[in-house]
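Asks: This is the content of work-v1.cif (mmCIF, C-alpha atoms):
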```cif
data_my_file
loop_
_atom_site.group_PDB
_atom_site.id
_atom_site.type_symbol
_atom_site.label_atom_id
_atom_site.label_comp_id
_atom_site.auth_asym_id
_atom_site.auth_seq_id
_atom_site.Cartn_x
_atom_site.Cartn_y
_atom_site.Cartn_z
ATOM 1 C CA MET M 1 0.000 0.000 0.000
ATOM 2 C CA THR M 2 1.430 3.369 -1.046
ATOM 3 C CA SER M 3 0.290 6.607 0.608
ATOM 4 C CA MET M 4 0.634 10.186 -0.570
ATOM 5 C CA THR M 5 -1.331 13.411 -0.636
ATOM 6 C CA VAL M 6 -3.069 14.113 -3.950
ATOM 7 C CA ASN M 7 -4.689 17.506 -4.475
ATOM 8 C CA GLY M 8 -4.679 18.092 -0.735
ATOM 9 C CA LYS M 9 -6.271 14.764 0.216
ATOM 10 C CA PRO M 10 -4.570 11.675 1.655
ATOM 11 C CA VAL M 11 -4.652 8.776 -0.798
ATOM 12 C CA ARG M 12 -3.602 5.119 -0.547
ATOM 13 C CA PHE M 13 -2.992 3.146 -3.688
ATOM 14 C CA LEU M 14 -3.387 -0.626 -3.467
ATOM 15 C CA MET M 15 -1.259 -1.158 -6.549
ATOM 16 C CA ASP M 16 2.150 -2.551 -7.421
ATOM 17 C CA PRO M 17 4.712 -0.052 -6.052
ATOM 18 C CA ASP M 18 6.382 0.017 -9.492
ATOM 19 C CA THR M 19 3.209 1.406 -11.098
ATOM 20 C CA PRO M 20 3.891 4.761 -12.733
ATOM 21 C CA LEU M 21 2.206 7.611 -10.864
ATOM 22 C CA LEU M 22 0.460 8.512 -14.130
ATOM 23 C CA TRP M 23 -1.567 5.289 -14.116
ATOM 24 C CA ALA M 24 -2.381 5.491 -10.426
ATOM 25 C CA LEU M 25 -3.732 8.995 -10.922
ATOM 26 C CA ARG M 26 -5.674 8.201 -14.088
ATOM 27 C CA ASP M 27 -6.895 4.652 -13.413
ATOM 28 C CA ALA M 28 -7.237 4.462 -9.638
ATOM 29 C CA ALA M 29 -7.926 8.085 -8.661
ATOM 30 C CA ASN M 30 -9.889 8.944 -11.860
ATOM 31 C CA LEU M 31 -7.867 12.142 -12.323
ATOM 32 C CA THR M 32 -7.869 12.002 -16.095
ATOM 33 C CA GLY M 33 -6.642 15.544 -16.678
ATOM 34 C CA THR M 34 -3.131 14.126 -16.465
ATOM 35 C CA LYS M 35 -2.643 12.789 -19.988
ATOM 36 C CA TYR M 36 -0.737 9.802 -21.314
ATOM 37 C CA GLY M 37 1.303 10.927 -24.279
ATOM 38 C CA CYS M 38 4.492 8.977 -24.845
ATOM 39 C CA GLY M 39 5.156 7.061 -21.633
ATOM 40 C CA VAL M 40 8.898 7.793 -21.762
ATOM 41 C CA GLY M 41 9.048 11.382 -20.494
ATOM 42 C CA ASP M 42 9.505 13.101 -23.837
ATOM 43 C CA CYS M 43 6.199 14.908 -24.346
ATOM 44 C CA GLY M 44 5.279 16.337 -20.927
ATOM 45 C CA ALA M 45 1.540 15.645 -21.289
ATOM 46 C CA CYS M 46 1.607 13.854 -17.926
ATOM 47 C CA MET M 47 3.228 16.717 -15.972
ATOM 48 C CA VAL M 48 2.145 17.078 -12.344
ATOM 49 C CA HIS M 49 3.610 18.856 -9.325
ATOM 50 C CA VAL M 50 5.457 16.624 -6.879
ATOM 51 C CA ASP M 51 6.295 18.639 -3.763
ATOM 52 C CA GLY M 52 5.925 21.768 -5.917
ATOM 53 C CA GLU M 53 8.257 20.627 -8.702
ATOM 54 C CA ALA M 54 6.955 19.909 -12.200
ATOM 55 C CA LEU M 55 7.658 16.240 -12.920
ATOM 56 C CA ARG M 56 6.527 13.820 -15.595
ATOM 57 C CA SER M 57 4.245 11.349 -13.859
ATOM 58 C CA CYS M 58 5.068 8.589 -16.347
ATOM 59 C CA LEU M 59 8.652 8.564 -15.013
ATOM 60 C CA ILE M 60 7.944 8.376 -11.273
ATOM 61 C CA THR M 61 6.564 5.274 -9.591
ATOM 62 C CA ILE M 62 4.044 5.397 -6.788
ATOM 63 C CA ALA M 63 6.771 3.985 -4.512
ATOM 64 C CA GLU M 64 8.911 7.044 -5.354
ATOM 65 C CA ALA M 65 5.894 9.271 -4.664
ATOM 66 C CA GLU M 66 5.333 7.714 -1.220
ATOM 67 C CA GLY M 67 4.670 10.409 1.384
ATOM 68 C CA ARG M 68 4.900 13.248 -1.129
ATOM 69 C CA PHE M 69 2.455 15.981 -2.119
ATOM 70 C CA ILE M 70 1.058 15.581 -5.625
ATOM 71 C CA THR M 71 -0.947 18.251 -7.444
ATOM 72 C CA THR M 72 -2.685 17.465 -10.722
ATOM 73 C CA ILE M 73 -4.390 19.872 -13.114
ATOM 74 C CA GLU M 74 -7.655 19.157 -11.259
ATOM 75 C CA GLY M 75 -6.066 20.339 -8.018
ATOM 76 C CA LEU M 76 -4.456 23.484 -9.401
ATOM 77 C CA SER M 77 -7.737 25.399 -9.151
ATOM 78 C CA ARG M 78 -11.275 24.147 -8.884
ATOM 79 C CA ASP M 79 -12.716 26.878 -11.104
ATOM 80 C CA ARG M 80 -9.923 27.384 -13.660
ATOM 81 C CA SER M 81 -9.021 30.680 -11.994
ATOM 82 C CA HIS M 82 -5.273 30.045 -11.810
ATOM 83 C CA PRO M 83 -3.447 32.830 -13.698
ATOM 84 C CA VAL M 84 -1.855 30.336 -16.108
ATOM 85 C CA GLN M 85 -5.222 28.815 -16.992
ATOM 86 C CA GLN M 86 -6.760 32.250 -17.523
ATOM 87 C CA ALA M 87 -3.815 33.477 -19.600
ATOM 88 C CA MET M 88 -3.775 30.328 -21.757
ATOM 89 C CA VAL M 89 -7.380 31.039 -22.742
ATOM 90 C CA ALA M 90 -6.873 34.805 -23.111
ATOM 91 C CA GLU M 91 -3.828 34.347 -25.368
ATOM 92 C CA GLN M 92 -5.509 31.564 -27.372
ATOM 93 C CA ALA M 93 -2.679 29.206 -26.455
ATOM 94 C CA ILE M 94 -4.958 26.181 -26.513
ATOM 95 C CA GLN M 95 -5.606 24.303 -29.718
ATOM 96 C CA CYS M 96 -6.564 20.631 -29.447
ATOM 97 C CA GLY M 97 -6.002 20.816 -25.674
ATOM 98 C CA PHE M 98 -4.281 17.461 -25.232
ATOM 99 C CA CYS M 99 -0.946 18.918 -24.108
ATOM 100 C CA THR M 100 -2.521 21.840 -22.244
ATOM 101 C CA PRO M 101 -2.736 20.304 -18.732
ATOM 102 C CA GLY M 102 0.954 19.388 -18.798
ATOM 103 C CA MET M 103 1.926 22.822 -20.057
ATOM 104 C CA VAL M 104 -0.190 24.522 -17.398
ATOM 105 C CA MET M 105 1.439 22.426 -14.677
ATOM 106 C CA ALA M 106 4.962 23.175 -15.941
ATOM 107 C CA ALA M 107 4.180 26.897 -16.269
ATOM 108 C CA SER M 108 2.552 27.160 -12.851
ATOM 109 C CA ALA M 109 5.599 25.527 -11.225
ATOM 110 C CA LEU M 110 7.833 28.048 -13.000
ATOM 111 C CA LEU M 111 5.712 31.006 -11.887
ATOM 112 C CA ALA M 112 5.695 29.724 -8.302
ATOM 113 C CA LYS M 113 9.469 30.247 -8.380
ATOM 114 C CA THR M 114 9.520 33.537 -10.289
ATOM 115 C CA ALA M 115 6.664 35.755 -11.440
ATOM 116 C CA THR M 116 8.949 37.480 -13.940
ATOM 117 C CA PRO M 117 10.586 34.731 -15.974
ATOM 118 C CA SER M 118 12.535 35.672 -19.077
ATOM 119 C CA GLU M 119 11.635 34.162 -22.430
ATOM 120 C CA ALA M 120 14.699 31.902 -22.129
ATOM 121 C CA GLU M 121 13.604 30.746 -18.650
ATOM 122 C CA ILE M 122 10.117 30.017 -19.973
ATOM 123 C CA LYS M 123 11.436 27.977 -22.889
ATOM 124 C CA ALA M 124 13.762 26.025 -20.576
ATOM 125 C CA ALA M 125 11.011 25.323 -18.033
ATOM 126 C CA ILE M 126 8.388 24.164 -20.551
ATOM 127 C CA PRO M 127 9.717 20.953 -22.138
ATOM 128 C CA ASN M 128 6.291 19.961 -23.389
ATOM 129 C CA LEU M 129 5.648 18.944 -26.979
ATOM 130 C CA CYS M 130 2.654 20.455 -28.741
ATOM 131 C CA ARG M 131 1.697 19.110 -32.124
ATOM 132 C CA CYS M 132 -0.457 22.185 -32.763
ATOM 133 C CA GLY M 133 2.533 24.506 -32.344
ATOM 134 C CA VAL M 134 1.206 27.016 -29.810
ATOM 135 C CA TYR M 135 4.699 27.907 -28.591
ATOM 136 C CA PRO M 136 4.735 31.666 -29.390
ATOM 137 C CA ARG M 137 1.302 32.084 -27.779
ATOM 138 C CA LEU M 138 2.383 29.863 -24.884
ATOM 139 C CA VAL M 139 5.314 32.163 -24.104
ATOM 140 C CA ARG M 140 3.002 35.196 -24.230
ATOM 141 C CA ALA M 141 0.485 33.407 -21.996
ATOM 142 C CA ILE M 142 3.105 32.581 -19.376
ATOM 143 C CA GLU M 143 4.443 36.137 -19.429
ATOM 144 C CA ARG M 144 0.881 37.399 -19.011
ATOM 145 C CA ALA M 145 0.166 34.913 -16.215
ATOM 146 C CA GLY M 146 3.235 36.264 -14.430
ATOM 147 C CA ARG M 147 1.841 39.790 -14.673
ATOM 148 C CA VAL M 148 -1.496 38.546 -13.315
ATOM 149 C CA ALA M 149 0.250 36.667 -10.487
ATOM 150 C CA ARG M 150 2.072 39.809 -9.408
ATOM 151 C CA ARG M 151 -1.161 41.832 -9.799
ATOM 152 C CA ALA M 152 0.153 44.052 -12.580
ATOM 153 C CA GLU M 153 -2.711 42.957 -14.865
ATOM 154 C CA THR M 154 -6.111 41.299 -14.664
ATOM 155 C CA ILE M 155 -7.850 39.017 -17.120
ATOM 156 C CA SER M 156 -11.587 39.003 -17.688
ATOM 157 C CA ALA M 157 -12.250 35.290 -17.598
ATOM 158 C CA ALA M 158 -15.151 33.282 -18.935
ATOM 159 C CA PRO M 159 -17.609 31.918 -16.363
ATOM 160 C CA ALA M 160 -16.347 29.064 -14.233
ATOM 161 C CA PRO M 161 -17.523 25.508 -14.942
ATOM 162 C CA GLY M 162 -20.780 24.607 -13.296
ATOM 163 C CA VAL M 163 -22.374 27.965 -14.067
ATOM 164 C CA SER M 164 -25.912 27.665 -15.342
ATOM 165 C CA THR M 165 -26.417 28.171 -19.063
ATOM 166 C CA ALA M 166 -28.579 31.240 -18.420
ATOM 167 C CA ASP M 167 -25.953 32.838 -16.146
ATOM 168 C CA ALA M 168 -23.212 32.014 -18.642
ATOM 169 C CA ALA M 169 -25.209 33.633 -21.463
ATOM 170 C CA ARG M 170 -25.523 36.825 -19.416
ATOM 171 C CA GLU M 171 -21.754 36.847 -18.768
ATOM 172 C CA VAL M 172 -20.694 35.793 -22.284
ATOM 173 C CA PRO M 173 -23.399 36.870 -24.753
ATOM 174 C CA ALA M 174 -21.856 34.866 -27.602
ATOM 175 C CA ILE M 175 -22.973 31.678 -25.842
ATOM 176 C CA GLY M 176 -26.625 32.589 -26.273
ATOM 177 C CA ALA M 177 -29.463 32.196 -23.828
ATOM 178 C CA PRO M 178 -31.123 28.790 -23.479
ATOM 179 C CA GLN M 179 -34.410 28.350 -25.290
ATOM 180 C CA ALA M 180 -37.545 27.364 -23.394
ATOM 181 C CA ASP M 181 -37.684 23.900 -25.035
ATOM 182 C CA GLU M 182 -34.087 22.991 -24.020
#
```
What does this structure look like when you write it as structure tokens?

Replies:
Amino acid sequence: MTSMTVNGKPVRFLMDPDTPLLWALRDAANLTGTKYGCGVGDCGACMVHVDGEALRSCLITIAEAEGRFITTIEGLSRDRSHPVQQAMVAEQAIQCGFCTPGMVMAASALLAKTATPSEAEIKAAIPNLCRCGVYPRLVRAIERAGRVARRAETISAAPAPGVSTADAAREVPAIGAPQADE
């Protein structure tokens, strides 16, 4: 039995200790925001925070994660209000979205260390592969998230998930109000 804290809650995995953390999170904890991309640490789609550091969850076993604090994309913010999440949307740095959770986790770990990273620091800290090629927008999004984190800028965000359709339509008119027969 392997114990750790995942998204602020104590968790015990009754799995082989050599199981990659990725599969424990996805299959046992149903935290599917952490994506399986390559399984060998090249793509970064499975990035999570382990004790605040961005690590590829396909490369760490649950035995190696024993007693540590794990944060997944689901635990970063319940309502997508984290500055990196807001800036990714505002800068249109999301295309297909598959690599996005890993990029957000890598970027948020970087910004936890410095809210004013240089472009070179951003590129070094974000090893993620994106087949859609959002890299220029990703750099802008991380720079913007840094400004938001240090309160030099705000972002008008879309309504949080779980908002009623009617409330969302009032906040974002392009969504459109629900019809009576819906």

Asks: Would you compute the distance between atom CA of M:Val6 and atom CA of M:Gly97? Give it in Å to one decimal.

Replies: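 That distance, rounded to one decimal, is 22.9 Å.
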
Asks: From the options M:Ala107, M:Ala93, M:Ala115, M:Val148, which residue's atoms come nearest to M:Tyr135, counting only C-alpha atoms?

Replies: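 Closest residue, counting only C-alpha atoms: M:Ala93.
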
Asks: Could you please determine the separation between atom CA of M:Asp18 and atom CA of M:Met103 in Å, to one decimal place?

Replies: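 Value for the atom CA of M:Asp18-atom CA of M:Met103 distance: 25.5 Å.
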
Asks: For the file shown, report as a list in words the outcome of the PyMOL selection byres ((chain M and resi 121) around 12) at residue level.

Replies: Ala106, Ala107, Leu110, Leu111, Lys113, Thr114, Ala115, Thr116, Pro117, Ser118, Glu119, Ala120, Ile122, Lys123, Ala124, Ala125, Ile126, Pro127, Val139, Ile142 and Glu143 of chain M

Asks: Can you tell me how far atom CA of M:Thr71 sits from atom CA of M:Leu25, in Å to one decimal?

Replies: 10.3 Å

Asks: What's the 6 Å shell around M:Val48, counting all atoms listed in the file, without same-chain residues fewer than 4 positions away, as a list in words?

Replies: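 Final neighbour list, sorted by chain and number: Ala54, Leu55, Thr71, Thr72 and Met105 of chain M.
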
Asks: For a quick check of understanding, using only C-alpha atoms, which of M:Ser108, M:Gln92, M:Asn7, M:Thr154 has the smallest distance to M:Arg78?

Replies: M:Asn7

Asks: Using only C-alpha atoms, which protein or nucleic acid residues come within 10 Å of M:Gln85? Drop anything in the same chain fewer than 2 positions from it, and give the result as JSON, numbers by chain.

Replies: {"M": [73, 76, 77, 79, 80, 81, 82, 83, 87, 88, 89, 90, 93, 94, 100, 101, 103, 104, 105, 107, 108, 141, 142, 145, 157]}

Asks: Written as a ChimeraX atom specification, what is the full residue list that the PyMOL selection byres ((chain M and resi 61) around 7) yields on the file shown?

Replies: /M:17-21,59-60,62-65

Asks: What would the selection look like, as a list in words, if the PyMOL selection byres ((chain M and resi 34) around 9) were run on the coordinates I just shared?

Replies: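 Taken on the displayed file, the PyMOL selection byres ((chain M and resi 34) around 9) yields the residues Leu22, Leu25, Arg26, Leu31, Thr32, Gly33, Lys35, Tyr36, Ala45, Cys46, Met47, Val48, Ser57, Thr72, Ile73, Glu74, Pro101 and Gly102 of chain M.
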
Asks: With a distance cut-off of 6 Å and all atoms listed in the file, select the neighbouring residues of M:Thr5, excluding the residue or stretch itself and same-chain residues fewer than 6 positions from it, and output the selection as a list in words.

Replies: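 Contacts, with the query itself left out: Val11, Phe69 and Ile70 of chain M.
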
Asks: Compile the contact shell of M:Ala28 as a short mmCIF file (atom, residue, chain, number, x, y, z; two decimals) with C-alpha atoms, keeping the file's coordinate frame: residues with an atom at most 10 Å away, counting only C-alpha atoms, same-chain residues fewer than 6 positions apart removed.

Replies:
```cif
data_model
loop_
_atom_site.label_atom_id
_atom_site.label_comp_id
_atom_site.auth_asym_id
_atom_site.auth_seq_id
_atom_site.Cartn_x
_atom_site.Cartn_y
_atom_site.Cartn_z
CA ARG M 12 -3.60 5.12 -0.55
CA PHE M 13 -2.99 3.15 -3.69
CA LEU M 14 -3.39 -0.63 -3.47
CA MET M 15 -1.26 -1.16 -6.55
CA LEU M 22 0.46 8.51 -14.13
#
```

Asks: Please determine the residues with any atom at most 9 Å from (-5.2, 17.6, -30.0) (coordinates as given in the file, with all atoms listed in the file counting) and report them as a ChimeraX atom specification.

Replies: /M:95-99,130-132

Asks: I need stretch 101-114 of chain M from the structure I supplied, saved as a short mmCIF file (atom, residue, chain, number, x, y, z; two decimals), in the first residue's frame with all heavy atoms retained.

Replies:
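So selection_38.cif came out as:
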```
data_model
loop_
_atom_site.label_atom_id
_atom_site.label_comp_id
_atom_site.auth_asym_id
_atom_site.auth_seq_id
_atom_site.Cartn_x
_atom_site.Cartn_y
_atom_site.Cartn_z
N PRO M 101 -2.92 20.50 -20.17
CA PRO M 101 -2.74 20.30 -18.73
C PRO M 101 -1.26 20.21 -18.33
O PRO M 101 -0.85 20.81 -17.34
CB PRO M 101 -3.48 18.99 -18.45
CG PRO M 101 -4.50 18.90 -19.53
CD PRO M 101 -3.84 19.49 -20.74
N GLY M 102 -0.47 19.50 -19.11
CA GLY M 102 0.95 19.39 -18.80
C GLY M 102 1.67 20.72 -18.89
O GLY M 102 2.52 21.05 -18.06
N MET M 103 1.32 21.50 -19.91
CA MET M 103 1.93 22.82 -20.06
C MET M 103 1.53 23.74 -18.91
O MET M 103 2.36 24.49 -18.39
CB MET M 103 1.52 23.45 -21.38
CG MET M 103 2.16 22.82 -22.58
SD MET M 103 1.61 23.68 -24.07
CE MET M 103 2.66 22.94 -25.28
N VAL M 104 0.28 23.70 -18.52
CA VAL M 104 -0.19 24.52 -17.40
C VAL M 104 0.55 24.14 -16.12
O VAL M 104 0.98 25.02 -15.36
CB VAL M 104 -1.72 24.38 -17.22
CG1 VAL M 104 -2.19 24.99 -15.90
CG2 VAL M 104 -2.45 25.03 -18.39
N MET M 105 0.75 22.86 -15.90
CA MET M 105 1.44 22.43 -14.68
C MET M 105 2.90 22.86 -14.70
O MET M 105 3.44 23.33 -13.68
CB MET M 105 1.31 20.91 -14.49
CG MET M 105 -0.12 20.44 -14.30
SD MET M 105 -1.03 21.29 -12.99
CE MET M 105 -0.20 20.64 -11.54
N ALA M 106 3.57 22.74 -15.84
CA ALA M 106 4.96 23.18 -15.94
C ALA M 106 5.06 24.69 -15.75
O ALA M 106 5.93 25.18 -15.02
CB ALA M 106 5.55 22.76 -17.29
N ALA M 107 4.16 25.44 -16.38
CA ALA M 107 4.18 26.90 -16.27
C ALA M 107 3.87 27.37 -14.86
O ALA M 107 4.50 28.30 -14.35
CB ALA M 107 3.19 27.51 -17.27
N SER M 108 2.91 26.73 -14.21
CA SER M 108 2.55 27.16 -12.85
C SER M 108 3.69 26.88 -11.87
O SER M 108 3.91 27.66 -10.94
CB SER M 108 1.25 26.51 -12.39
OG SER M 108 1.35 25.10 -12.36
N ALA M 109 4.43 25.79 -12.07
CA ALA M 109 5.60 25.53 -11.22
C ALA M 109 6.67 26.59 -11.45
O ALA M 109 7.31 27.06 -10.49
CB ALA M 109 6.16 24.13 -11.50
N LEU M 110 6.87 26.99 -12.70
CA LEU M 110 7.83 28.05 -13.00
C LEU M 110 7.44 29.34 -12.31
O LEU M 110 8.26 29.99 -11.66
CB LEU M 110 7.93 28.26 -14.52
CG LEU M 110 8.72 29.50 -14.96
CD1 LEU M 110 10.20 29.38 -14.58
CD2 LEU M 110 8.56 29.71 -16.47
N LEU M 111 6.16 29.74 -12.46
CA LEU M 111 5.71 31.01 -11.89
C LEU M 111 5.68 30.99 -10.36
O LEU M 111 5.74 32.05 -9.73
CB LEU M 111 4.35 31.39 -12.45
CG LEU M 111 4.36 31.75 -13.94
CD1 LEU M 111 2.95 32.05 -14.44
CD2 LEU M 111 5.29 32.92 -14.22
N ALA M 112 5.61 29.81 -9.76
CA ALA M 112 5.70 29.72 -8.30
C ALA M 112 7.10 30.10 -7.83
O ALA M 112 7.29 30.56 -6.71
CB ALA M 112 5.33 28.32 -7.83
N LYS M 113 8.08 29.91 -8.71
CA LYS M 113 9.47 30.25 -8.38
C LYS M 113 9.80 31.69 -8.73
O LYS M 113 10.54 32.35 -8.03
CB LYS M 113 10.43 29.31 -9.12
CG LYS M 113 10.35 27.89 -8.66
CD LYS M 113 11.26 27.00 -9.47
CE LYS M 113 11.06 25.56 -9.04
NZ LYS M 113 11.62 24.62 -9.98
N THR M 114 9.27 32.17 -9.85
CA THR M 114 9.52 33.54 -10.29
C THR M 114 8.33 34.03 -11.10
O THR M 114 7.92 33.39 -12.05
CB THR M 114 10.81 33.67 -11.13
OG1 THR M 114 10.93 35.02 -11.57
CG2 THR M 114 10.84 32.74 -12.32
#
```
